[in-house]
file my_file_26.cif (mmCIF, C-alpha atoms and all ligand atoms)
data_coords
#
loop_
_atom_site.label_atom_id
_atom_site.label_comp_id
_atom_site.auth_asym_id
_atom_site.auth_seq_id
_atom_site.Cartn_x
_atom_site.Cartn_y
_atom_site.Cartn_z
CA MET A 1401 -10.38 -49.91 8.52
CA LYS A 1402 -7.53 -49.97 6.01
CA ILE A 1403 -4.07 -50.52 7.49
CA LEU A 1404 -0.75 -50.26 5.69
CA ILE A 1405 2.19 -52.34 6.92
CA ALA A 1406 5.66 -51.14 5.94
CA GLU A 1407 8.25 -53.70 6.98
CA ASP A 1408 11.31 -55.04 5.16
CA ASP A 1409 11.79 -58.13 7.34
CA PRO A 1410 9.70 -60.96 5.82
CA ILE A 1411 9.12 -62.84 9.08
CA SER A 1412 8.02 -59.78 11.04
CA ARG A 1413 5.86 -58.75 8.08
CA ARG A 1414 4.13 -62.14 7.99
CA VAL A 1415 3.46 -62.08 11.74
CA LEU A 1416 1.94 -58.59 11.49
CA GLN A 1417 -0.13 -59.53 8.48
CA ALA A 1418 -1.47 -62.72 10.10
CA ASN A 1419 -2.51 -60.88 13.27
CA LEU A 1420 -4.16 -57.97 11.51
CA LEU A 1421 -6.10 -60.28 9.21
CA LYS A 1422 -7.25 -62.29 12.23
CA TRP A 1423 -8.57 -59.05 13.78
CA GLY A 1424 -10.50 -58.28 10.62
CA TYR A 1425 -8.52 -55.36 9.16
CA ASP A 1426 -8.13 -54.61 5.48
CA ILE A 1427 -4.36 -54.86 4.87
CA THR A 1428 -1.94 -53.45 2.33
CA VAL A 1429 1.74 -54.38 2.52
CA ALA A 1430 4.88 -52.49 1.50
CA VAL A 1431 8.41 -53.89 1.74
CA ASN A 1432 10.15 -50.54 2.18
CA GLY A 1433 9.44 -46.90 2.98
CA ARG A 1434 9.39 -45.72 -0.59
CA GLU A 1435 6.78 -48.27 -1.59
CA ALA A 1436 4.70 -47.31 1.47
CA PHE A 1437 4.93 -43.62 0.56
CA ASP A 1438 3.70 -44.35 -2.99
CA ILE A 1439 0.65 -46.15 -1.54
CA ILE A 1440 -0.08 -43.26 0.84
CA LYS A 1441 -0.05 -40.78 -2.07
CA GLN A 1442 -2.75 -42.67 -3.96
CA PRO A 1443 -6.42 -41.63 -3.59
CA GLU A 1444 -8.22 -43.16 -0.57
CA PRO A 1445 -5.05 -44.15 1.30
CA PRO A 1446 -5.10 -46.41 4.39
CA SER A 1447 -5.92 -44.50 7.59
CA LEU A 1448 -3.37 -46.24 9.77
CA LEU A 1449 0.26 -47.07 9.08
CA ILE A 1450 2.39 -49.54 11.03
CA SER A 1451 5.93 -48.88 9.93
CA ASP A 1452 9.28 -50.38 10.74
CA TRP A 1453 12.04 -47.89 11.63
CA MET A 1454 15.01 -49.39 9.76
CA MET A 1455 14.13 -50.06 6.14
CA PRO A 1456 15.98 -49.76 2.81
CA HIS A 1457 15.29 -46.90 0.33
CA MET A 1458 13.34 -44.82 2.86
CA ASP A 1459 13.46 -45.43 6.60
CA GLY A 1460 10.50 -45.11 8.97
CA LEU A 1461 11.50 -41.65 10.22
CA THR A 1462 11.76 -40.21 6.71
CA LEU A 1463 8.50 -41.90 5.78
CA CYS A 1464 6.80 -40.18 8.76
CA ARG A 1465 8.22 -36.78 7.81
CA ASN A 1466 7.22 -37.21 4.17
CA ILE A 1467 3.66 -38.19 5.08
CA ARG A 1468 3.26 -35.21 7.41
CA SER A 1469 4.47 -32.83 4.73
CA LEU A 1470 1.82 -34.06 2.28
CA ASN A 1471 -1.23 -31.90 1.83
CA ILE A 1472 -3.89 -34.57 2.41
CA THR A 1473 -7.26 -33.98 4.01
CA ARG A 1474 -7.49 -37.19 6.03
CA TYR A 1475 -5.23 -37.85 9.00
CA ILE A 1476 -2.98 -40.89 8.87
CA TYR A 1477 -2.22 -42.43 12.25
CA ILE A 1478 1.33 -43.76 12.42
CA ILE A 1479 2.69 -46.46 14.72
CA LEU A 1480 6.48 -46.86 14.47
CA LEU A 1481 8.04 -50.23 15.20
CA THR A 1482 11.42 -49.98 16.81
CA THR A 1483 14.10 -52.13 18.35
CA LYS A 1484 15.47 -48.95 19.86
CA GLY A 1485 13.06 -47.78 22.51
CA GLU A 1486 15.47 -45.27 24.03
CA LYS A 1487 14.15 -41.90 25.06
CA ARG A 1488 16.07 -39.91 22.45
CA ASP A 1489 14.86 -42.25 19.70
CA ILE A 1490 11.27 -41.83 20.85
CA ILE A 1491 11.70 -38.05 20.80
CA GLN A 1492 13.15 -38.24 17.29
CA GLY A 1493 10.17 -40.33 16.20
CA LEU A 1494 7.66 -37.93 17.76
CA GLU A 1495 9.37 -35.02 16.04
CA ALA A 1496 9.08 -36.82 12.71
CA GLY A 1497 5.33 -37.14 13.25
CA ALA A 1498 4.76 -40.64 14.66
CA ASP A 1499 1.73 -41.05 16.93
CA ASP A 1500 2.82 -44.15 18.81
CA PHE A 1501 5.62 -46.68 19.17
CA LEU A 1502 5.91 -50.38 19.62
CA THR A 1503 9.17 -52.06 20.59
CA LYS A 1504 10.15 -55.19 18.68
CA PRO A 1505 9.60 -58.02 19.39
CA PHE A 1506 6.10 -56.79 20.16
CA ASN A 1507 3.40 -58.31 22.27
CA GLN A 1508 0.30 -59.21 20.23
CA GLU A 1509 -2.20 -57.95 22.78
CA GLU A 1510 -0.35 -54.65 23.05
CA LEU A 1511 -0.36 -54.26 19.27
CA LYS A 1512 -4.08 -54.98 19.19
CA TYR A 1513 -4.89 -52.25 21.73
CA ARG A 1514 -2.55 -49.71 20.21
CA ILE A 1515 -4.31 -50.18 16.88
CA LEU A 1516 -7.64 -49.68 18.64
CA ILE A 1517 -6.41 -46.36 20.06
CA GLY A 1518 -5.47 -45.28 16.54
CA GLN A 1519 -8.84 -46.40 15.22
CA ARG A 1520 -10.63 -44.33 17.88
CA ILE A 1521 -8.70 -41.22 16.87
CA ILE A 1522 -9.32 -41.82 13.16
CA GLU A 1523 -13.05 -42.27 13.79
CA LEU A 1524 -13.23 -39.08 15.88
CA GLU A 1525 -11.44 -37.17 13.15
CA HIS A 1526 -13.86 -38.56 10.59
CA ARG A 1527 -16.85 -37.52 12.70
CA ILE A 1528 -15.49 -33.99 13.24
CA LEU A 1529 -14.83 -33.62 9.52
CA GLN A 1530 -18.34 -34.74 8.74
CA LEU A 1531 -19.83 -32.23 11.19
CA ALA A 1532 -17.63 -29.46 9.85
CA ASN A 1533 -18.74 -30.12 6.27
CA THR A 1534 -22.46 -30.64 6.72
CA ASP A 1535 -25.34 -28.20 6.92
CA PRO A 1536 -27.13 -29.32 10.10
CA LEU A 1537 -30.67 -28.56 8.88
CA THR A 1538 -30.63 -30.28 5.50
CA GLY A 1539 -27.74 -32.73 5.90
CA MET A 1540 -26.31 -31.44 2.61
CA MET A 1541 -22.79 -30.08 2.16
CA ASN A 1542 -22.36 -26.66 3.73
CA ARG A 1543 -21.04 -23.70 1.80
CA ARG A 1544 -17.42 -24.16 2.84
CA ALA A 1545 -17.31 -27.85 1.91
CA PHE A 1546 -19.07 -27.17 -1.38
CA MET A 1547 -16.66 -24.39 -2.33
CA GLU A 1548 -13.69 -26.63 -1.55
CA GLN A 1549 -14.98 -29.34 -3.84
CA LEU A 1550 -15.95 -26.82 -6.51
CA ALA A 1551 -12.38 -25.48 -6.47
CA GLN A 1552 -11.06 -29.01 -7.06
CA GLU A 1553 -13.54 -29.56 -9.88
CA THR A 1554 -12.74 -26.27 -11.64
CA ASP A 1555 -9.03 -27.14 -11.43
CA ARG A 1556 -9.76 -30.53 -12.93
CA ALA A 1557 -11.91 -28.97 -15.68
CA HIS A 1558 -9.16 -26.50 -16.58
CA ARG A 1559 -6.45 -29.17 -16.53
CA GLY A 1560 -8.39 -31.68 -18.60
CA GLN A 1561 -10.29 -29.07 -20.67
CA THR A 1562 -13.53 -30.88 -19.78
CA PRO A 1563 -16.90 -29.18 -19.24
CA LEU A 1564 -18.22 -28.27 -15.81
CA SER A 1565 -21.46 -26.49 -15.06
CA PHE A 1566 -22.57 -24.60 -12.02
CA LEU A 1567 -26.12 -23.94 -10.96
CA LEU A 1568 -27.62 -21.59 -8.42
CA THR A 1569 -31.19 -22.11 -7.28
CA ASP A 1570 -33.50 -20.40 -4.86
CA ILE A 1571 -37.02 -21.07 -3.56
CA ASP A 1572 -39.47 -18.49 -4.91
CA HIS A 1573 -41.10 -16.22 -2.32
CA PHE A 1574 -39.62 -18.20 0.56
CA LYS A 1575 -40.24 -15.35 2.95
CA GLN A 1576 -43.96 -15.86 2.37
CA VAL A 1577 -43.64 -19.54 3.38
CA ASN A 1578 -42.09 -18.50 6.67
CA ASP A 1579 -44.59 -15.69 7.20
CA THR A 1580 -47.60 -17.89 6.42
CA TYR A 1581 -46.64 -21.15 8.13
CA GLY A 1582 -43.88 -20.24 10.58
CA HIS A 1583 -40.19 -21.13 10.66
CA GLN A 1584 -40.66 -24.79 11.56
CA ILE A 1585 -42.57 -25.39 8.35
CA GLY A 1586 -40.02 -23.19 6.58
CA ASP A 1587 -37.33 -25.61 7.77
CA LEU A 1588 -39.37 -28.57 6.56
CA VAL A 1589 -39.72 -26.92 3.14
CA LEU A 1590 -35.93 -26.41 2.95
CA GLN A 1591 -35.40 -30.08 3.81
CA CYS A 1592 -37.90 -31.29 1.19
CA PHE A 1593 -36.52 -28.91 -1.43
CA SER A 1594 -32.90 -30.02 -0.98
CA LYS A 1595 -33.88 -33.70 -0.86
CA THR A 1596 -35.86 -33.41 -4.10
CA LEU A 1597 -32.92 -31.70 -5.82
CA LYS A 1598 -30.46 -34.29 -4.57
CA GLU A 1599 -32.59 -37.22 -5.67
CA ALA A 1600 -32.93 -35.82 -9.18
CA LEU A 1601 -29.19 -35.24 -9.66
CA ARG A 1602 -26.73 -37.59 -11.30
CA THR A 1603 -24.41 -39.50 -8.93
CA TYR A 1604 -21.33 -37.39 -9.71
CA ASP A 1605 -23.11 -34.04 -9.32
CA PHE A 1606 -22.90 -32.42 -5.91
CA LEU A 1607 -25.15 -30.09 -4.01
CA GLY A 1608 -24.59 -27.65 -1.18
CA ARG A 1609 -26.53 -25.12 0.83
CA TYR A 1610 -25.21 -21.70 -0.12
CA GLY A 1611 -27.14 -19.80 2.53
CA GLY A 1612 -30.80 -19.30 3.51
CA GLU A 1613 -33.01 -20.77 0.80
CA GLU A 1614 -30.24 -20.71 -1.81
CA PHE A 1615 -28.58 -23.92 -2.99
CA VAL A 1616 -25.66 -24.57 -5.33
CA ILE A 1617 -25.02 -27.52 -7.60
CA ALA A 1618 -21.91 -28.49 -9.55
CA MET A 1619 -22.18 -30.77 -12.54
CA PRO A 1620 -18.85 -32.15 -13.75
CA GLY A 1621 -18.93 -33.08 -17.44
CA ALA A 1622 -22.08 -31.06 -18.20
CA ASP A 1623 -21.96 -28.30 -20.82
CA ASP A 1624 -24.33 -25.33 -21.20
CA THR A 1625 -27.09 -27.30 -22.88
CA GLN A 1626 -26.96 -30.26 -20.50
CA ALA A 1627 -26.92 -27.95 -17.50
CA GLU A 1628 -30.00 -26.15 -18.73
CA TYR A 1629 -31.73 -29.47 -19.39
CA ILE A 1630 -30.93 -30.79 -15.90
CA ALA A 1631 -32.01 -27.51 -14.29
CA GLU A 1632 -35.31 -27.69 -16.14
CA ARG A 1633 -35.81 -31.24 -14.86
CA LEU A 1634 -35.08 -30.08 -11.29
CA ARG A 1635 -37.43 -27.13 -11.64
CA LYS A 1636 -40.24 -29.48 -12.70
CA LYS A 1637 -39.58 -31.90 -9.83
CA VAL A 1638 -39.82 -29.04 -7.35
CA GLU A 1639 -43.01 -27.76 -8.93
CA GLU A 1640 -44.58 -31.24 -8.67
CA MET A 1641 -43.39 -31.79 -5.12
CA GLU A 1642 -46.14 -32.15 -2.49
CA ILE A 1643 -45.21 -31.09 1.01
CA ILE A 1644 -47.75 -32.13 3.63
CA ARG A 1645 -47.87 -29.99 6.74
CA PRO A 1646 -47.54 -32.55 9.62
CA ASP A 1647 -50.05 -30.89 12.01
CA THR A 1648 -52.91 -29.81 9.70
CA LYS A 1649 -52.18 -32.15 6.74
CA GLU A 1650 -52.43 -29.06 4.56
CA LEU A 1651 -50.70 -29.34 1.16
CA ILE A 1652 -47.89 -26.88 0.54
CA ARG A 1653 -46.45 -26.27 -2.92
CA ILE A 1654 -43.40 -24.28 -3.88
CA THR A 1655 -41.56 -23.28 -7.03
CA SER A 1656 -37.94 -22.39 -7.60
CA SER A 1657 -35.78 -20.40 -10.01
CA PHE A 1658 -32.46 -21.42 -11.52
CA GLY A 1659 -29.39 -19.73 -12.95
CA THR A 1660 -26.92 -21.96 -14.80
CA ALA A 1661 -23.37 -21.17 -15.89
CA ALA A 1662 -20.92 -23.38 -17.75
CA CYS A 1663 -17.37 -22.92 -16.53
CA SER A 1664 -15.28 -21.30 -19.24
CA LEU A 1665 -12.10 -23.25 -19.95
CA SER A 1666 -10.14 -20.01 -20.26
CA PRO A 1667 -7.73 -19.46 -17.35
CA LEU A 1668 -9.45 -16.10 -16.78
CA GLU A 1669 -12.49 -17.87 -15.35
CA THR A 1670 -12.32 -18.01 -11.57
CA ILE A 1671 -14.80 -19.49 -9.11
CA ASP A 1672 -15.94 -15.94 -8.32
CA SER A 1673 -16.62 -15.11 -11.96
CA LEU A 1674 -18.45 -18.42 -12.44
CA ILE A 1675 -20.68 -17.79 -9.41
CA LYS A 1676 -21.25 -14.20 -10.44
CA ARG A 1677 -22.49 -15.28 -13.89
CA ALA A 1678 -24.84 -17.90 -12.40
CA ASP A 1679 -26.06 -15.31 -9.90
CA ASP A 1680 -26.84 -12.83 -12.70
CA ALA A 1681 -28.72 -15.57 -14.56
CA LEU A 1682 -30.72 -16.40 -11.42
CA TYR A 1683 -31.53 -12.71 -11.03
CA ARG A 1684 -32.87 -12.71 -14.59
CA ALA A 1685 -34.97 -15.81 -13.86
CA LYS A 1686 -36.45 -13.99 -10.86
CA SER A 1687 -37.24 -10.87 -12.86
CA GLN A 1688 -38.78 -12.92 -15.68
CA GLY A 1689 -41.48 -14.08 -13.29
CA ARG A 1690 -39.73 -16.89 -11.35
CA ASN A 1691 -40.23 -20.69 -11.65
CA CYS A 1692 -37.91 -20.77 -14.65
CA VAL A 1693 -34.33 -21.46 -15.73
CA CYS A 1694 -31.95 -18.86 -17.17
CA ARG A 1695 -28.60 -19.54 -18.73
CA ALA A 1696 -25.63 -17.23 -18.01
CA GLU A 1697 -24.03 -15.09 -20.67
CA LYS A 1698 -20.75 -16.39 -22.03
CA PRO A 1699 -17.85 -14.69 -20.21
CA LYS A 1700 -16.27 -11.71 -21.93
CA GLY A 1701 -12.86 -12.17 -23.49
MG MG A 1801 13.79 -53.30 9.20
#
call {"tool": "encode", "arguments": {"input": "my_file_26.cif", "output": "structure tokens"}}
result
Amino acid sequence: MKILIAEDDPISRRVLQANLLKWGYDITVAVNGREAFDIIKQPEPPSLLISDWMMPHMDGLTLCRNIRSLNITRYIYIILLTTKGEKRDIIQGLEAGADDFLTKPFNQEELKYRILIGQRIIELEHRILQLANTDPLTGMMNRRAFMEQLAQETDRAHRGQTPLSFLLTDIDHFKQVNDTYGHQIGDLVLQCFSKTLKEALRTYDFLGRYGGEEFVIAMPGADDTQAEYIAERLRKKVEEMEIIRPDTKELIRITSSFGTAACSLSPLETIDSLIKRADDALYRAKSQGRNCVCRAEKPKG
């Protein structure tokens, strides 16, 4: 676990650092509140902060308030170090958003266990987040998590004027799979389908379950032509995939259809319009006989 120490006093800072290193934590050090706040604002910030109360430039209380007002997805657990320890100071600290307090000079064992409490809470939060973002059947991102990331990627594409493609895919005649083999085999087919797609994607592409047998893929950096090329590769992989029914060892084969849409860099393009265009393209792929890829029309205007 990454821990950030914010402490202006060099001796206290060294003592903290030595202890935390001995306990095996990954440490970053800041000598005042402002420096600590800059570190917190970077991507992948430490999950736990041990901060002194009295510091130059930005004190511990202000640092707490500033961190809590940030719009970051991961929780940061804050332990405030204080020489104060009076009830009204504690209340002030709690109001500012601190999770715990330690009175200076602190006892090493106490520090160790207070960090462990923080670690437990961070790990629980991480687990809850993971559950909330994952489709339980396939282990892929669920629709909500996918849409959140897609929103970030479309923002990035618009800001940087870089390509981004979106792909909608659906198993052909999936109802027949369920009707012929039952829902358990239907579930197995969904798992194999999503796994095959995921394995064939590039590392920075991401995949989510949109609903039922429909999956969505975002491909940052891919234009129209690349998206169509990747979709064609995915379509082939699915067509070649061999699913063996566990009980009868019967071979099951499926095919899938794809609609691709490149995000227009015009500000008029919204996530809804992007999805709508990919959906129309998928509809065309279905009506052209399935097991094929169709590219969306360029947006109007
Ligand atoms: Mg101080």
call {"tool": "atom_distance", "arguments": {"input": "my_file_26.cif", "atom1": "CA of Lys1676 (chain A)", "atom2": "CA of Ala1696 (chain A)"}}
result
9.3 Å
call {"tool": "atom_distance", "arguments": {"input": "my_file_26.cif", "atom1": "CA of Arg1633 (chain A)", "atom2": "CA of Ala1600 (chain A)"}}
result
7.8 Å
call {"tool": "closest_residue", "arguments": {"input": "my_file_26.cif", "among": "A:Gln1591, A:Thr1482, A:Gln1576, A:Thr1462", "to": "ligand MG 1801 (chain A)", "atoms": "all atoms listed in the file"}}
result
A:Thr1482
call {"tool": "closest_atom_pairs", "arguments": {"input": "my_file_26.cif", "of": "region 1508-1599 of chain A", "to": "region 1603-1623 of chain A", "cutoff": "8 Å", "atoms": "all atoms listed in the file", "output": "JSON lines"}}
result
{"residue": "A:Asp1535", "atom": "CA", "partner": "A:Arg1609", "partner_atom": "CA", "distance": 6.9}
{"residue": "A:Met1540", "atom": "CA", "partner": "A:Gly1608", "partner_atom": "CA", "distance": 5.6}
{"residue": "A:Met1541", "atom": "CA", "partner": "A:Gly1608", "partner_atom": "CA", "distance": 4.5}
{"residue": "A:Asn1542", "atom": "CA", "partner": "A:Arg1609", "partner_atom": "CA", "distance": 5.3}
{"residue": "A:Arg1543", "atom": "CA", "partner": "A:Tyr1610", "partner_atom": "CA", "distance": 5.0}
{"residue": "A:Ala1545", "atom": "CA", "partner": "A:Gly1608", "partner_atom": "CA", "distance": 7.9}
{"residue": "A:Phe1546", "atom": "CA", "partner": "A:Gly1608", "partner_atom": "CA", "distance": 5.5}
{"residue": "A:Leu1550", "atom": "CA", "partner": "A:Ala1618", "partner_atom": "CA", "distance": 6.9}
{"residue": "A:Glu1553", "atom": "CA", "partner": "A:Pro1620", "partner_atom": "CA", "distance": 7.1}
{"residue": "A:Ala1557", "atom": "CA", "partner": "A:Pro1620", "partner_atom": "CA", "distance": 7.9}
{"residue": "A:Thr1562", "atom": "CA", "partner": "A:Gly1621", "partner_atom": "CA", "distance": 6.3}
{"residue": "A:Pro1563", "atom": "CA", "partner": "A:Gly1621", "partner_atom": "CA", "distance": 4.8}
{"residue": "A:Leu1564", "atom": "CA", "partner": "A:Pro1620", "partner_atom": "CA", "distance": 4.4}
{"residue": "A:Ser1565", "atom": "CA", "partner": "A:Met1619", "partner_atom": "CA", "distance": 5.0}
{"residue": "A:Phe1566", "atom": "CA", "partner": "A:Ala1618", "partner_atom": "CA", "distance": 4.7}
{"residue": "A:Leu1567", "atom": "CA", "partner": "A:Ile1617", "partner_atom": "CA", "distance": 5.0}
{"residue": "A:Leu1568", "atom": "CA", "partner": "A:Val1616", "partner_atom": "CA", "distance": 4.7}
{"residue": "A:Thr1569", "atom": "CA", "partner": "A:Phe1615", "partner_atom": "CA", "distance": 5.3}
{"residue": "A:Asp1570", "atom": "CA", "partner": "A:Glu1614", "partner_atom": "CA", "distance": 4.5}
{"residue": "A:Ile1571", "atom": "CA", "partner": "A:Glu1613", "partner_atom": "CA", "distance": 5.9}
{"residue": "A:Phe1574", "atom": "CA", "partner": "A:Glu1613", "partner_atom": "CA", "distance": 7.1}
{"residue": "A:Leu1590", "atom": "CA", "partner": "A:Glu1613", "partner_atom": "CA", "distance": 6.7}
{"residue": "A:Ser1594", "atom": "CA", "partner": "A:Phe1615", "partner_atom": "CA", "distance": 7.7}
{"residue": "A:Lys1598", "atom": "CA", "partner": "A:Leu1607", "partner_atom": "CA", "distance": 6.8}
call {"tool": "write_last_selection", "arguments": {"input": "my_file_26.cif", "atoms": "C-alpha atoms", "output": "compact mmCIF listing (two decimals), keeping the file's coordinate frame"}}
result
# COMPACT_ATOMS: atom_id res chain seq x y z
CA ASP A 1535 -25.34 -28.20 6.92
CA MET A 1540 -26.31 -31.44 2.61
CA MET A 1541 -22.79 -30.08 2.16
CA ASN A 1542 -22.36 -26.66 3.73
CA ARG A 1543 -21.04 -23.70 1.80
CA ALA A 1545 -17.31 -27.85 1.91
CA PHE A 1546 -19.07 -27.17 -1.38
CA LEU A 1550 -15.95 -26.82 -6.51
CA GLU A 1553 -13.54 -29.56 -9.88
CA ALA A 1557 -11.91 -28.97 -15.68
CA THR A 1562 -13.53 -30.88 -19.78
CA PRO A 1563 -16.90 -29.18 -19.24
CA LEU A 1564 -18.22 -28.27 -15.81
CA SER A 1565 -21.46 -26.49 -15.06
CA PHE A 1566 -22.57 -24.60 -12.02
CA LEU A 1567 -26.12 -23.94 -10.96
CA LEU A 1568 -27.62 -21.59 -8.42
CA THR A 1569 -31.19 -22.11 -7.28
CA ASP A 1570 -33.50 -20.40 -4.86
CA ILE A 1571 -37.02 -21.07 -3.56
CA PHE A 1574 -39.62 -18.20 0.56
CA LEU A 1590 -35.93 -26.41 2.95
CA SER A 1594 -32.90 -30.02 -0.98
CA LYS A 1598 -30.46 -34.29 -4.57
call {"tool": "closest_atom_pairs", "arguments": {"input": "my_file_26.cif", "of": "chain A", "to": "ligand MG 1801 (chain A)", "cutoff": "10 Å", "atoms": "all atoms listed in the file", "output": "CSV"}}
result
residue,atom,partner,partner_atom,distance
A:Ala1406,CA,A:MG1801,MG,9.0
A:Glu1407,CA,A:MG1801,MG,6.0
A:Asp1408,CA,A:MG1801,MG,5.0
A:Asp1409,CA,A:MG1801,MG,5.5
A:Pro1410,CA,A:MG1801,MG,9.3
A:Ser1412,CA,A:MG1801,MG,8.9
A:Arg1413,CA,A:MG1801,MG,9.7
A:Val1431,CA,A:MG1801,MG,9.2
A:Asn1432,CA,A:MG1801,MG,8.4
A:Gly1433,CA,A:MG1801,MG,9.9
A:Ser1451,CA,A:MG1801,MG,9.0
A:Asp1452,CA,A:MG1801,MG,5.6
A:Trp1453,CA,A:MG1801,MG,6.2
A:Met1454,CA,A:MG1801,MG,4.1
A:Met1455,CA,A:MG1801,MG,4.5
A:Pro1456,CA,A:MG1801,MG,7.6
A:Asp1459,CA,A:MG1801,MG,8.3
A:Gly1460,CA,A:MG1801,MG,8.8
A:Leu1481,CA,A:MG1801,MG,8.9
A:Thr1482,CA,A:MG1801,MG,8.6
A:Thr1483,CA,A:MG1801,MG,9.2
call {"tool": "atom_distance", "arguments": {"input": "my_file_26.cif", "atom1": "CA of Ile1411 (chain A)", "atom2": "CA of Cys1464 (chain A)"}}
result
22.8 Å
call {"tool": "residues_around", "arguments": {"input": "my_file_26.cif", "residues": "Gln1519 (chain A)", "least_positions_apart": "3", "cutoff": "9 Å", "atoms": "all atoms listed in the file", "output": "list in words"}}
result
Met1401, Ser1447, Leu1448, Tyr1477, Arg1514, Ile1515, Leu1516, Ile1522, Glu1523 and Leu1524 of chain A
call {"tool": "closest_residue", "arguments": {"input": "my_file_26.cif", "among": "A:Arg1465, A:Leu1480, A:Ala1551, A:Ile1671", "to": "Lys1504 (chain A)", "atoms": "all atoms listed in the file"}}
result
A:Leu1480
call {"tool": "closest_residue", "arguments": {"input": "my_file_26.cif", "among": "A:Val1589, A:Val1415, A:Cys1663, A:Ile1476", "to": "Gln1508 (chain A)", "atoms": "only C-alpha atoms"}}
result
A:Val1415
call {"tool": "closest_residue", "arguments": {"input": "my_file_26.cif", "among": "A:Gln1584, A:Asn1471, A:Ser1666, A:Thr1660", "to": "Leu1537 (chain A)", "atoms": "all atoms listed in the file"}}
result
A:Gln1584
call {"tool": "closest_residue", "arguments": {"input": "my_file_26.cif", "among": "A:Leu1404, A:Cys1592, A:Leu1668, A:Ala1662", "to": "Glu1640 (chain A)", "atoms": "all atoms listed in the file"}}
result
A:Cys1592
